[in-house]
>>> print(open('structure_16.txt').read())   # compact mmCIF, C-alpha atoms
# COMPACT_ATOMS: atom_id res chain seq x y z
CA MET I 1 -208.18 -165.97 40.28
CA ARG I 2 -209.52 -167.24 36.94
CA PHE I 3 -206.19 -167.23 35.12
CA PRO I 4 -205.88 -170.22 32.76
CA MET I 5 -204.14 -173.38 33.92
CA ASP I 6 -201.75 -175.58 31.96
CA ARG I 7 -203.63 -178.82 31.30
CA VAL I 8 -200.51 -180.97 31.58
CA SER I 9 -198.71 -179.53 34.60
CA HIS I 10 -201.90 -178.23 36.31
CA THR I 11 -200.05 -175.01 37.13
CA LEU I 12 -200.72 -171.45 36.05
CA ASP I 13 -200.10 -170.82 32.36
CA GLY I 14 -198.02 -167.66 32.68
CA GLU I 15 -197.76 -167.02 28.96
CA ARG I 16 -201.51 -167.12 28.40
CA ALA I 17 -202.10 -165.07 31.56
CA SER I 18 -199.75 -162.37 30.26
CA GLN I 19 -201.58 -162.32 26.93
CA LEU I 20 -204.91 -161.86 28.71
CA VAL I 21 -203.54 -159.06 30.91
CA GLY I 22 -202.15 -157.28 27.85
CA LEU I 23 -205.45 -157.58 26.02
CA GLY I 24 -207.32 -156.36 29.09
CA LEU I 25 -205.16 -153.26 29.34
CA LYS I 26 -205.57 -152.61 25.63
CA ARG I 27 -209.35 -152.84 25.98
CA GLY I 28 -209.44 -150.41 28.92
CA ILE I 29 -209.46 -152.78 31.91
CA ALA I 30 -207.32 -151.11 34.54
CA TYR I 31 -208.17 -152.75 37.88
CA PHE I 32 -206.42 -156.01 38.80
CA ASP I 33 -207.45 -157.95 41.90
CA THR I 34 -205.35 -160.74 43.38
CA ALA I 35 -204.73 -162.31 46.79
CA TRP I 36 -202.23 -164.38 48.73
CA PRO I 37 -203.96 -167.81 48.40
CA TYR I 38 -205.08 -167.66 44.76
CA HIS I 39 -203.64 -170.59 42.82
CA ASN I 40 -201.89 -171.79 45.99
CA GLY I 41 -199.76 -168.66 46.16
CA ALA I 42 -198.79 -168.56 42.48
CA ASN I 43 -201.21 -165.84 41.39
CA GLU I 44 -199.42 -162.78 42.79
CA PRO I 45 -196.06 -163.49 41.13
CA CYS I 46 -197.80 -164.48 37.89
CA LEU I 47 -199.79 -161.25 37.80
CA GLY I 48 -196.72 -159.23 38.75
CA GLU I 49 -194.78 -160.70 35.85
CA ALA I 50 -197.68 -160.09 33.46
CA LEU I 51 -197.82 -156.40 34.45
CA ALA I 52 -194.06 -155.82 34.65
CA ASP I 53 -193.65 -154.28 31.20
CA TYR I 54 -196.50 -151.76 31.54
CA ASP I 55 -196.45 -148.22 32.91
CA ARG I 56 -197.33 -148.49 36.60
CA GLU I 57 -199.69 -145.53 36.34
CA ARG I 58 -201.84 -147.37 33.77
CA PHE I 59 -203.45 -149.74 36.23
CA CYS I 60 -204.71 -150.16 39.79
CA LEU I 61 -203.27 -153.17 41.60
CA VAL I 62 -204.98 -154.61 44.67
CA THR I 63 -204.10 -157.56 46.88
CA LYS I 64 -205.15 -158.70 50.34
CA LEU I 65 -203.81 -159.61 53.76
CA PRO I 66 -204.52 -163.29 54.60
CA CYS I 67 -206.11 -162.54 57.99
CA TRP I 68 -206.41 -166.21 58.93
CA LYS I 69 -202.68 -166.74 58.42
CA VAL I 70 -201.07 -163.91 60.40
CA ASP I 71 -200.77 -164.11 64.18
CA SER I 72 -198.51 -161.15 64.93
CA LEU I 73 -197.63 -157.71 63.60
CA ASP I 74 -194.24 -159.06 62.55
CA GLN I 75 -196.03 -161.58 60.34
CA VAL I 76 -198.16 -158.78 58.88
CA ARG I 77 -195.01 -156.82 58.01
CA GLU I 78 -193.37 -159.89 56.47
CA THR I 79 -196.49 -160.62 54.43
CA VAL I 80 -196.84 -157.08 53.08
CA GLU I 81 -193.15 -156.91 52.11
CA LEU I 82 -193.29 -160.33 50.45
CA GLN I 83 -196.42 -159.42 48.48
CA LEU I 84 -194.75 -156.27 47.18
CA ARG I 85 -191.79 -158.38 46.02
CA ARG I 86 -194.04 -161.03 44.50
CA LEU I 87 -195.90 -158.38 42.53
CA GLY I 88 -192.71 -156.50 41.65
CA VAL I 89 -194.05 -153.10 42.71
CA GLU I 90 -193.14 -150.39 45.19
CA TYR I 91 -196.73 -149.58 46.14
CA LEU I 92 -200.23 -151.03 45.98
CA ASP I 93 -203.26 -149.00 44.97
CA GLY I 94 -205.44 -151.00 47.35
CA TYR I 95 -204.81 -153.36 50.24
CA LEU I 96 -207.70 -155.29 51.76
CA LEU I 97 -208.19 -157.34 54.89
CA HIS I 98 -209.17 -160.55 53.12
CA SER I 99 -212.51 -162.29 53.64
CA LEU I 100 -213.43 -160.67 56.94
CA THR I 101 -215.85 -162.46 59.22
CA GLN I 102 -216.69 -161.74 62.84
CA LYS I 103 -213.92 -164.13 63.90
CA THR I 104 -211.15 -162.70 61.71
CA TRP I 105 -212.24 -159.12 62.42
CA GLU I 106 -211.87 -159.73 66.16
CA LYS I 107 -208.40 -161.12 65.47
CA MET I 108 -207.41 -158.05 63.43
CA LYS I 109 -208.60 -155.76 66.22
CA GLN I 110 -206.74 -157.74 68.86
CA LEU I 111 -203.50 -157.60 66.87
CA GLU I 112 -204.03 -153.89 66.10
CA VAL I 113 -203.34 -154.51 62.44
CA LEU I 114 -205.00 -151.38 61.08
CA PRO I 115 -202.69 -148.86 62.81
CA LEU I 116 -199.75 -150.74 61.30
CA LEU I 117 -201.29 -150.71 57.82
CA GLN I 118 -202.00 -147.00 58.29
CA GLU I 119 -198.25 -146.49 58.69
CA TYR I 120 -197.74 -148.08 55.27
CA LYS I 121 -200.49 -145.85 53.88
CA ASP I 122 -198.88 -142.73 55.32
CA LYS I 123 -195.67 -143.69 53.49
CA GLY I 124 -197.56 -144.13 50.18
CA ILE I 125 -196.90 -147.88 50.05
CA LEU I 126 -200.53 -148.95 50.59
CA ARG I 127 -202.51 -146.12 49.02
CA HIS I 128 -206.04 -147.23 49.95
CA LEU I 129 -207.09 -149.52 52.82
CA GLY I 130 -210.21 -151.65 52.73
CA PHE I 131 -211.64 -155.07 53.40
CA SER I 132 -213.38 -157.88 51.57
CA PHE I 133 -216.33 -159.38 53.39
CA HIS I 134 -218.11 -162.72 53.92
CA ASP I 135 -220.48 -162.65 56.89
CA ARG I 136 -223.82 -161.24 58.10
CA TYR I 137 -224.89 -157.65 57.46
CA GLU I 138 -224.61 -156.84 61.17
CA VAL I 139 -220.91 -157.73 61.08
CA PHE I 140 -220.45 -155.59 57.96
CA GLU I 141 -222.08 -152.67 59.76
CA GLU I 142 -219.77 -153.06 62.76
CA ILE I 143 -216.65 -153.20 60.58
CA SER I 144 -217.80 -150.26 58.43
CA ASN I 145 -218.29 -148.09 61.52
CA SER I 146 -214.95 -149.04 63.09
CA TRP I 147 -212.49 -147.35 60.69
CA GLU I 148 -212.26 -144.65 58.06
CA TRP I 149 -212.14 -147.06 55.14
CA ASP I 150 -211.10 -146.08 51.62
CA MET I 151 -212.93 -148.96 49.93
CA CYS I 152 -214.68 -152.26 50.58
CA GLN I 153 -215.41 -155.38 48.58
CA ILE I 154 -218.68 -157.32 48.87
CA GLN I 155 -220.47 -160.16 47.14
CA LEU I 156 -223.50 -158.95 45.21
CA ASN I 157 -225.67 -160.12 42.34
CA TYR I 158 -229.37 -160.07 41.50
CA MET I 159 -229.93 -163.31 43.42
CA ASP I 160 -227.99 -162.23 46.51
CA GLY I 161 -229.44 -158.84 47.36
CA ASP I 162 -230.21 -160.03 50.90
CA TYR I 163 -227.12 -162.23 51.30
CA GLN I 164 -224.16 -161.21 53.50
CA ALA I 165 -223.67 -157.42 53.21
CA GLY I 166 -226.11 -157.28 50.31
CA LEU I 167 -227.91 -154.19 49.14
CA ARG I 168 -228.12 -152.87 52.71
CA GLY I 169 -224.35 -153.02 52.94
CA LEU I 170 -224.01 -151.26 49.59
CA GLU I 171 -226.30 -148.48 50.79
CA LEU I 172 -224.40 -148.15 54.09
CA ALA I 173 -221.08 -147.84 52.25
CA ARG I 174 -222.57 -145.33 49.81
CA SER I 175 -223.91 -143.22 52.68
CA LYS I 176 -220.36 -143.09 54.08
CA GLY I 177 -218.82 -142.24 50.73
CA VAL I 178 -216.91 -145.54 50.65
CA PRO I 179 -216.42 -146.91 47.10
CA VAL I 180 -217.67 -150.49 46.69
CA VAL I 181 -215.98 -153.19 44.66
CA VAL I 182 -218.33 -156.06 43.81
CA MET I 183 -217.25 -159.69 43.58
CA GLU I 184 -219.41 -162.60 42.40
CA PRO I 185 -221.57 -160.44 40.08
CA VAL I 186 -222.39 -163.60 38.09
CA LYS I 187 -222.60 -165.76 41.24
CA GLY I 188 -219.56 -167.89 40.45
CA GLY I 189 -220.87 -168.53 36.93
CA ALA I 190 -224.33 -169.67 38.05
CA LEU I 191 -225.99 -166.66 36.34
CA ALA I 192 -223.99 -167.10 33.14
CA ARG I 193 -225.98 -170.04 31.74
CA LEU I 194 -229.59 -169.92 32.82
CA PRO I 195 -232.27 -172.52 32.03
CA ASP I 196 -234.25 -171.47 28.96
CA GLU I 197 -237.60 -171.10 30.71
CA VAL I 198 -236.02 -168.93 33.41
CA ALA I 199 -234.16 -166.61 31.05
CA LYS I 200 -237.15 -166.02 28.73
CA PRO I 201 -237.85 -162.46 30.04
CA LEU I 202 -234.25 -161.45 29.30
CA ARG I 203 -233.97 -163.16 25.93
CA THR I 204 -237.28 -161.73 24.77
CA LEU I 205 -235.96 -158.21 25.36
CA ASN I 206 -232.56 -158.84 23.78
CA PRO I 207 -231.92 -162.25 22.17
CA SER I 208 -228.29 -161.39 21.43
CA ALA I 209 -227.32 -160.45 25.01
CA SER I 210 -225.62 -163.14 27.08
CA ASP I 211 -227.06 -164.19 30.43
CA ALA I 212 -223.85 -163.01 32.10
CA SER I 213 -224.17 -159.55 30.59
CA TRP I 214 -227.50 -159.01 32.35
CA ALA I 215 -225.95 -159.95 35.69
CA LEU I 216 -223.00 -157.61 35.15
CA ARG I 217 -225.20 -154.70 34.08
CA TRP I 218 -227.52 -155.20 37.06
CA VAL I 219 -224.59 -154.88 39.48
CA ALA I 220 -223.01 -151.95 37.64
CA SER I 221 -226.37 -150.12 37.67
CA GLN I 222 -226.51 -150.09 41.49
CA PRO I 223 -225.67 -146.67 43.02
CA GLY I 224 -222.40 -146.78 44.92
CA VAL I 225 -220.74 -149.55 42.93
CA ARG I 226 -217.35 -148.32 41.70
CA VAL I 227 -215.78 -151.50 40.32
CA VAL I 228 -217.27 -154.77 39.10
CA LEU I 229 -214.89 -157.73 39.28
CA SER I 230 -215.09 -160.43 36.64
CA GLY I 231 -212.82 -163.44 36.50
CA MET I 232 -212.00 -163.63 32.79
CA ALA I 233 -210.12 -166.65 31.50
CA SER I 234 -210.34 -166.14 27.75
CA GLN I 235 -209.97 -163.51 25.04
CA GLU I 236 -213.68 -163.81 24.25
CA GLU I 237 -214.70 -163.01 27.83
CA ILE I 238 -212.43 -159.97 27.94
CA GLU I 239 -213.76 -158.65 24.65
CA GLU I 240 -217.40 -159.18 25.66
CA ASN I 241 -217.00 -157.58 29.07
CA SER I 242 -214.95 -154.62 27.90
CA THR I 243 -217.50 -153.93 25.17
CA LEU I 244 -220.31 -154.18 27.73
CA PHE I 245 -218.71 -151.46 29.87
CA SER I 246 -217.54 -149.19 27.03
CA PRO I 247 -219.70 -147.37 27.79
CA LEU I 248 -221.95 -149.00 30.36
CA ARG I 249 -225.66 -148.75 29.61
CA PRO I 250 -227.51 -148.89 32.96
CA LEU I 251 -230.66 -150.99 33.10
CA ASN I 252 -233.84 -149.12 32.21
CA GLU I 253 -237.15 -149.81 33.97
CA GLU I 254 -238.23 -152.48 31.50
CA GLU I 255 -234.90 -154.27 31.75
CA GLN I 256 -234.89 -154.02 35.55
CA ALA I 257 -238.34 -155.63 35.60
CA ALA I 258 -237.10 -158.44 33.36
CA VAL I 259 -234.19 -159.15 35.69
CA GLU I 260 -236.52 -159.17 38.70
CA GLU I 261 -238.83 -161.60 36.93
CA THR I 262 -235.87 -163.84 36.11
CA ALA I 263 -234.82 -163.81 39.77
CA ARG I 264 -238.38 -164.69 40.81
CA ARG I 265 -238.42 -167.65 38.43
CA LEU I 266 -235.09 -168.85 39.77
CA ARG I 267 -236.28 -168.66 43.38
CA GLN I 268 -239.36 -170.71 42.50
CA ARG I 269 -237.04 -173.61 41.69
CA ILE I 270 -235.53 -173.78 45.20
CA ARG I 271 -236.12 -177.24 46.72
CA ASN I 272 -236.26 -176.32 50.41
CA GLY I 273 -236.07 -173.29 52.64
CA CYS I 274 -232.71 -173.91 54.35
CA THR I 275 -231.27 -170.52 55.26
CA GLY I 276 -227.81 -171.82 56.22
CA CYS I 277 -228.26 -170.76 59.87
CA ARG I 278 -226.39 -173.94 60.95
CA TYR I 279 -228.53 -174.46 64.06
CA CYS I 280 -228.75 -178.11 63.01
CA LEU I 281 -224.98 -178.57 63.45
CA PRO I 282 -222.89 -180.30 64.54
CA CYS I 283 -224.37 -183.48 63.12
CA PRO I 284 -223.28 -186.48 65.26
CA GLN I 285 -222.39 -188.31 62.04
CA GLY I 286 -220.53 -185.37 60.48
CA VAL I 287 -223.03 -184.57 57.70
CA ASP I 288 -222.77 -180.94 56.56
CA ILE I 289 -226.51 -180.42 56.30
CA PRO I 290 -226.58 -176.75 55.14
CA LYS I 291 -223.92 -177.36 52.51
CA VAL I 292 -225.75 -180.40 51.11
CA PHE I 293 -228.99 -178.43 50.89
CA ARG I 294 -227.19 -175.47 49.25
CA ILE I 295 -225.74 -177.74 46.56
CA TRP I 296 -229.13 -179.42 46.05
CA ASN I 297 -230.95 -176.10 45.79
CA ASN I 298 -228.36 -174.67 43.40
CA MET I 299 -228.62 -177.78 41.20
CA SER I 300 -232.36 -177.28 40.92
CA VAL I 301 -232.25 -173.50 40.52
CA TYR I 302 -229.44 -173.12 37.99
CA ASP I 303 -229.46 -176.52 36.28
CA ASN I 304 -225.67 -176.36 35.90
CA ASP I 305 -224.04 -179.79 36.05
CA ARG I 306 -220.49 -178.44 35.97
CA LEU I 307 -220.95 -176.25 39.03
CA THR I 308 -222.98 -178.92 40.82
CA ARG I 309 -220.36 -181.60 40.19
CA ARG I 310 -217.57 -179.35 41.45
CA ALA I 311 -219.46 -178.49 44.65
CA TRP I 312 -220.59 -182.08 45.30
CA ARG I 313 -217.15 -183.55 44.82
CA GLY I 314 -215.75 -180.87 47.10
CA LEU I 315 -217.59 -182.44 50.05
CA ASP I 316 -215.78 -184.98 52.20
CA GLN I 317 -217.46 -188.39 52.14
CA GLU I 318 -218.57 -188.16 55.77
CA GLU I 319 -220.26 -184.83 55.01
CA LYS I 320 -222.62 -186.43 52.48
CA PRO I 321 -226.21 -187.58 53.19
CA SER I 322 -225.31 -191.29 52.99
CA HIS I 323 -223.89 -190.97 56.53
CA CYS I 324 -227.19 -189.74 57.98
CA VAL I 325 -228.74 -192.29 60.41
CA SER I 326 -232.05 -190.40 60.79
CA CYS I 327 -231.55 -189.72 64.48
CA GLY I 328 -233.78 -186.63 64.13
CA ARG I 329 -231.66 -184.34 66.32
CA CYS I 330 -231.25 -181.81 63.49
CA GLN I 331 -234.96 -181.61 62.81
CA THR I 332 -235.77 -180.61 66.39
CA LEU I 333 -233.30 -177.70 66.07
CA CYS I 334 -234.37 -176.38 62.66
CA PRO I 335 -236.19 -173.03 62.89
CA GLN I 336 -237.63 -173.64 59.41
CA HIS I 337 -239.11 -177.01 60.51
CA ILE I 338 -237.57 -178.76 57.51
CA PRO I 339 -237.94 -182.57 57.55
CA ILE I 340 -234.16 -182.82 57.38
CA PRO I 341 -233.49 -186.61 57.36
CA GLU I 342 -236.13 -187.17 54.67
CA GLN I 343 -234.88 -184.33 52.48
CA LEU I 344 -231.22 -185.24 53.01
CA ALA I 345 -231.97 -188.69 51.61
CA GLN I 346 -233.81 -187.15 48.65
CA ALA I 347 -230.99 -184.69 48.02
CA GLY I 348 -228.40 -187.47 48.11
CA ARG I 349 -230.34 -189.60 45.62
CA GLU I 350 -230.89 -186.74 43.18
CA LEU I 351 -227.33 -185.42 43.38
CA GLU I 352 -225.75 -188.85 42.89
CA ARG I 353 -228.09 -189.58 40.00
CA ARG I 354 -227.21 -186.24 38.42
CA VAL I 355 -223.44 -185.97 38.91
CA GLY I 356 -222.28 -189.26 40.47
CA THR I 357 -220.91 -190.11 43.89
>>> encode(input="structure_16.txt", output="structure tokens")
Amino acid sequence: MRFPMDRVSHTLDGERASQLVGLGLKRGIAYFDTAWPYHNGANEPCLGEALADYDRERFCLVTKLPCWKVDSLDQVRETVELQLRRLGVEYLDGYLLHSLTQKTWEKMKQLEVLPLLQEYKDKGILRHLGFSFHDRYEVFEEISNSWEWDMCQIQLNYMDGDYQAGLRGLELARSKGVPVVVMEPVKGGALARLPDEVAKPLRTLNPSASDASWALRWVASQPGVRVVLSGMASQEEIEENSTLFSPLRPLNEEEQAAVEETARRLRQRIRNGCTGCRYCLPCPQGVDIPKVFRIWNNMSVYDNDRLTRRAWRGLDQEEKPSHCVSCGRCQTLCPQHIPIPEQLAQAGRELERRVGT
């Protein structure tokens, strides 16, 4: 999903993508992850074209069923067949139910999607079945116990050990013998460029190591992790990452302590204690209170204007703090007792001063 874009047409740059895929294969990268919606549907055919000239046995190819999009088993069949054609292959090494939440999992159960996908597996068309996950641990536990999965994909990094499936989910999968693929090991780039005072424990140990390399090694050092995903958009990133894993050097005790200290320093920079429980919603004025606080906290923690600007501009205008009328309804519902109207106003001022409206 990080393939380079053409700056003029704002579409995928297929030539550059093919060059990156070729370099990745040459450097030993053999697992390629794509999905139906990446690049508005253009990613699967682009990746398929980039891999077309290579021996199919050289790489593992994984894509995902858009669970939110299908409403019948006929649509599931049509989607699987189209994805195979898009990718130009006769089989997939892995096929995941994409971005499962409680809501989409209930839908998959109601449609009885898994027995149908099992038929494809029995024919050797979908060789391993799994799911990618974005919800609470309890939902992950329910899904994990509901099927004999071949693999699963979770978000994990040294700042998100208690987020979503987290380390508990990793341990549950490991106890079941289910290989885990990790996404967001660098937290969407937030752990790739740390503030100097935060990263001091890491840089003191190894001044030449990048901030991203620590995040990748932390994930890869966790028992049960089989694959670490990294969205690489340049030759330099491929070369750095492939070198980092060839071979992987797991974190030793001193390095683990340095990462933990870095995480502690990052958490100290959090502006408020919003947990994203969403009890404060819906706001009568349409303000997305948890999202505003998440952007505000991330701005303070990671000091990354590029990521902050992208997140802030991704909000609709009515979701921003300027629409708050200080009615106080949200504050009475907040289990953390956050002074929400006051801190919304502060967040709005600081974000607009930092990255604009």
>>> atom_distance(input="structure_16.txt", atom1="atom CA of I:Glu148", atom2="atom CA of I:Leu82")
25.8 Å
>>> residues_around(input="structure_16.txt", residues="I:Arg349", least_positions_apart="6", cutoff="12 Å", atoms="all atoms listed in the file", output="VMD selection string")
chain I and resid 292 296 320 to 322 342 to 343 355 to 357
>>> write_last_selection(input="structure_16.txt", atoms="C-alpha atoms", output="PDB file, in the coordinates of the input")
ATOM      1  CA  VAL I 292    -225.750-180.400  51.110  1.00  0.00           C
ATOM      2  CA  TRP I 296    -229.130-179.420  46.050  1.00  0.00           C
ATOM      3  CA  LYS I 320    -222.620-186.430  52.480  1.00  0.00           C
ATOM      4  CA  PRO I 321    -226.210-187.580  53.190  1.00  0.00           C
ATOM      5  CA  SER I 322    -225.310-191.290  52.990  1.00  0.00           C
ATOM      6  CA  GLU I 342    -236.130-187.170  54.670  1.00  0.00           C
ATOM      7  CA  GLN I 343    -234.880-184.330  52.480  1.00  0.00           C
ATOM      8  CA  VAL I 355    -223.440-185.970  38.910  1.00  0.00           C
ATOM      9  CA  GLY I 356    -222.280-189.260  40.470  1.00  0.00           C
ATOM     10  CA  THR I 357    -220.910-190.110  43.890  1.00  0.00           C
TER      11      THR I 357
END
>>> residues_around(input="structure_16.txt", residues="stretch 160-162 of chain I", least_positions_apart="2", cutoff="12 Å", atoms="all atoms listed in the file", output="PyMOL selection string")
chain I and resi 135-137+154-158+164-171+182-188+190-191+215+218-219+222+260+263+266-267+275
>>> closest_residue(input="structure_16.txt", among="I:Val181, I:Ala173, I:Leu12, I:Ile340", to="I:Asn40", atoms="only C-alpha atoms")
I:Leu12
>>> atom_distance(input="structure_16.txt", atom1="atom CA of I:Asn304", atom2="atom CA of I:Gly189")
9.2 Å
>>> closest_residue(input="structure_16.txt", among="I:Ser18, I:Gln268, I:Thr34, I:Thr11", to="I:Leu229", atoms="only C-alpha atoms")
I:Thr34
>>> residues_near_point(input="structure_16.txt", point="(-221.6, -148.2, 32.7)", cutoff="12 Å", atoms="all atoms listed in the file", output="mmCIF file with C-alpha atoms, in the coordinates of the input")
data_model
loop_
_atom_site.group_PDB
_atom_site.id
_atom_site.type_symbol
_atom_site.label_atom_id
_atom_site.label_comp_id
_atom_site.auth_asym_id
_atom_site.auth_seq_id
_atom_site.Cartn_x
_atom_site.Cartn_y
_atom_site.Cartn_z
ATOM 1 C CA SER I 213 -224.170 -159.550 30.590
ATOM 2 C CA LEU I 216 -223.000 -157.610 35.150
ATOM 3 C CA ARG I 217 -225.200 -154.700 34.080
ATOM 4 C CA TRP I 218 -227.520 -155.200 37.060
ATOM 5 C CA VAL I 219 -224.590 -154.880 39.480
ATOM 6 C CA ALA I 220 -223.010 -151.950 37.640
ATOM 7 C CA SER I 221 -226.370 -150.120 37.670
ATOM 8 C CA GLN I 222 -226.510 -150.090 41.490
ATOM 9 C CA PRO I 223 -225.670 -146.670 43.020
ATOM 10 C CA VAL I 225 -220.740 -149.550 42.930
ATOM 11 C CA ARG I 226 -217.350 -148.320 41.700
ATOM 12 C CA VAL I 227 -215.780 -151.500 40.320
ATOM 13 C CA VAL I 228 -217.270 -154.770 39.100
ATOM 14 C CA ASN I 241 -217.000 -157.580 29.070
ATOM 15 C CA SER I 242 -214.950 -154.620 27.900
ATOM 16 C CA THR I 243 -217.500 -153.930 25.170
ATOM 17 C CA LEU I 244 -220.310 -154.180 27.730
ATOM 18 C CA PHE I 245 -218.710 -151.460 29.870
ATOM 19 C CA SER I 246 -217.540 -149.190 27.030
ATOM 20 C CA PRO I 247 -219.700 -147.370 27.790
ATOM 21 C CA LEU I 248 -221.950 -149.000 30.360
ATOM 22 C CA ARG I 249 -225.660 -148.750 29.610
ATOM 23 C CA PRO I 250 -227.510 -148.890 32.960
ATOM 24 C CA LEU I 251 -230.660 -150.990 33.100
#
>>> closest_residue(input="structure_16.txt", among="I:Tyr54, I:Tyr279, I:Phe293, I:Trp312", to="I:Thr332", atoms="only C-alpha atoms")
I:Tyr279
>>> closest_residue(input="structure_16.txt", among="I:Leu92, I:Ala233, I:Leu100, I:Val180", to="I:Gly124", atoms="all atoms listed in the file")
I:Leu92
>>> closest_residue(input="structure_16.txt", among="I:Val301, I:Leu333, I:Ile338, I:Val113", to="I:Asn272", atoms="only C-alpha atoms")
I:Ile338
>>> residues_around(input="structure_16.txt", residues="stretch 13-17 of chain I", least_positions_apart="4", cutoff="8 Å", atoms="all atoms listed in the file", output="short mmCIF file (atom, residue, chain, number, x, y, z; two decimals) with C-alpha atoms, keeping the file's coordinate frame")
data_model
loop_
_atom_site.label_atom_id
_atom_site.label_comp_id
_atom_site.auth_asym_id
_atom_site.auth_seq_id
_atom_site.Cartn_x
_atom_site.Cartn_y
_atom_site.Cartn_z
CA PHE I 3 -206.19 -167.23 35.12
CA PRO I 4 -205.88 -170.22 32.76
CA MET I 5 -204.14 -173.38 33.92
CA ASP I 6 -201.75 -175.58 31.96
CA VAL I 21 -203.54 -159.06 30.91
CA CYS I 46 -197.80 -164.48 37.89
CA LEU I 47 -199.79 -161.25 37.80
CA ALA I 50 -197.68 -160.09 33.46
#
>>> residues_around(input="structure_16.txt", residues="I:Ser210", least_positions_apart="4", cutoff="10 Å", atoms="all atoms listed in the file", output="CSV table (one decimal) with C-alpha atoms, in the frame of the given file")
chain,number,residue,atom,x,y,z
I,191,LEU,CA,-226.0,-166.7,36.3
I,192,ALA,CA,-224.0,-167.1,33.1
I,193,ARG,CA,-226.0,-170.0,31.7
I,194,LEU,CA,-229.6,-169.9,32.8
I,202,LEU,CA,-234.2,-161.4,29.3
I,203,ARG,CA,-234.0,-163.2,25.9
I,206,ASN,CA,-232.6,-158.8,23.8
I,214,TRP,CA,-227.5,-159.0,32.4
I,215,ALA,CA,-226.0,-160.0,35.7
I,240,GLU,CA,-217.4,-159.2,25.7
>>> residues_near_point(input="structure_16.txt", point="(-197.0, -165.5, 49.6)", cutoff="12 Å", atoms="only C-alpha atoms", output="mmCIF file with C-alpha atoms, keeping the file's coordinate frame")
data_model
loop_
_atom_site.group_PDB
_atom_site.id
_atom_site.type_symbol
_atom_site.label_atom_id
_atom_site.label_comp_id
_atom_site.auth_asym_id
_atom_site.auth_seq_id
_atom_site.Cartn_x
_atom_site.Cartn_y
_atom_site.Cartn_z
ATOM 1 C CA THR I 34 -205.350 -160.740 43.380
ATOM 2 C CA ALA I 35 -204.730 -162.310 46.790
ATOM 3 C CA TRP I 36 -202.230 -164.380 48.730
ATOM 4 C CA PRO I 37 -203.960 -167.810 48.400
ATOM 5 C CA TYR I 38 -205.080 -167.660 44.760
ATOM 6 C CA HIS I 39 -203.640 -170.590 42.820
ATOM 7 C CA ASN I 40 -201.890 -171.790 45.990
ATOM 8 C CA GLY I 41 -199.760 -168.660 46.160
ATOM 9 C CA ALA I 42 -198.790 -168.560 42.480
ATOM 10 C CA ASN I 43 -201.210 -165.840 41.390
ATOM 11 C CA GLU I 44 -199.420 -162.780 42.790
ATOM 12 C CA PRO I 45 -196.060 -163.490 41.130
ATOM 13 C CA CYS I 46 -197.800 -164.480 37.890
ATOM 14 C CA THR I 63 -204.100 -157.560 46.880
ATOM 15 C CA LYS I 64 -205.150 -158.700 50.340
ATOM 16 C CA LEU I 65 -203.810 -159.610 53.760
ATOM 17 C CA PRO I 66 -204.520 -163.290 54.600
ATOM 18 C CA LYS I 69 -202.680 -166.740 58.420
ATOM 19 C CA VAL I 70 -201.070 -163.910 60.400
ATOM 20 C CA GLN I 75 -196.030 -161.580 60.340
ATOM 21 C CA VAL I 76 -198.160 -158.780 58.880
ATOM 22 C CA GLU I 78 -193.370 -159.890 56.470
ATOM 23 C CA THR I 79 -196.490 -160.620 54.430
ATOM 24 C CA VAL I 80 -196.840 -157.080 53.080
ATOM 25 C CA GLU I 81 -193.150 -156.910 52.110
ATOM 26 C CA LEU I 82 -193.290 -160.330 50.450
ATOM 27 C CA GLN I 83 -196.420 -159.420 48.480
ATOM 28 C CA LEU I 84 -194.750 -156.270 47.180
ATOM 29 C CA ARG I 85 -191.790 -158.380 46.020
ATOM 30 C CA ARG I 86 -194.040 -161.030 44.500
ATOM 31 C CA LEU I 87 -195.900 -158.380 42.530
#
>>> atom_distance(input="structure_16.txt", atom1="atom CA of I:Arg309", atom2="atom CA of I:Glu350")
12.1 Å
>>> closest_residue(input="structure_16.txt", among="I:Ile143, I:Val178, I:Leu205, I:Cys152", to="I:Met108", atoms="all atoms listed in the file")
I:Ile143
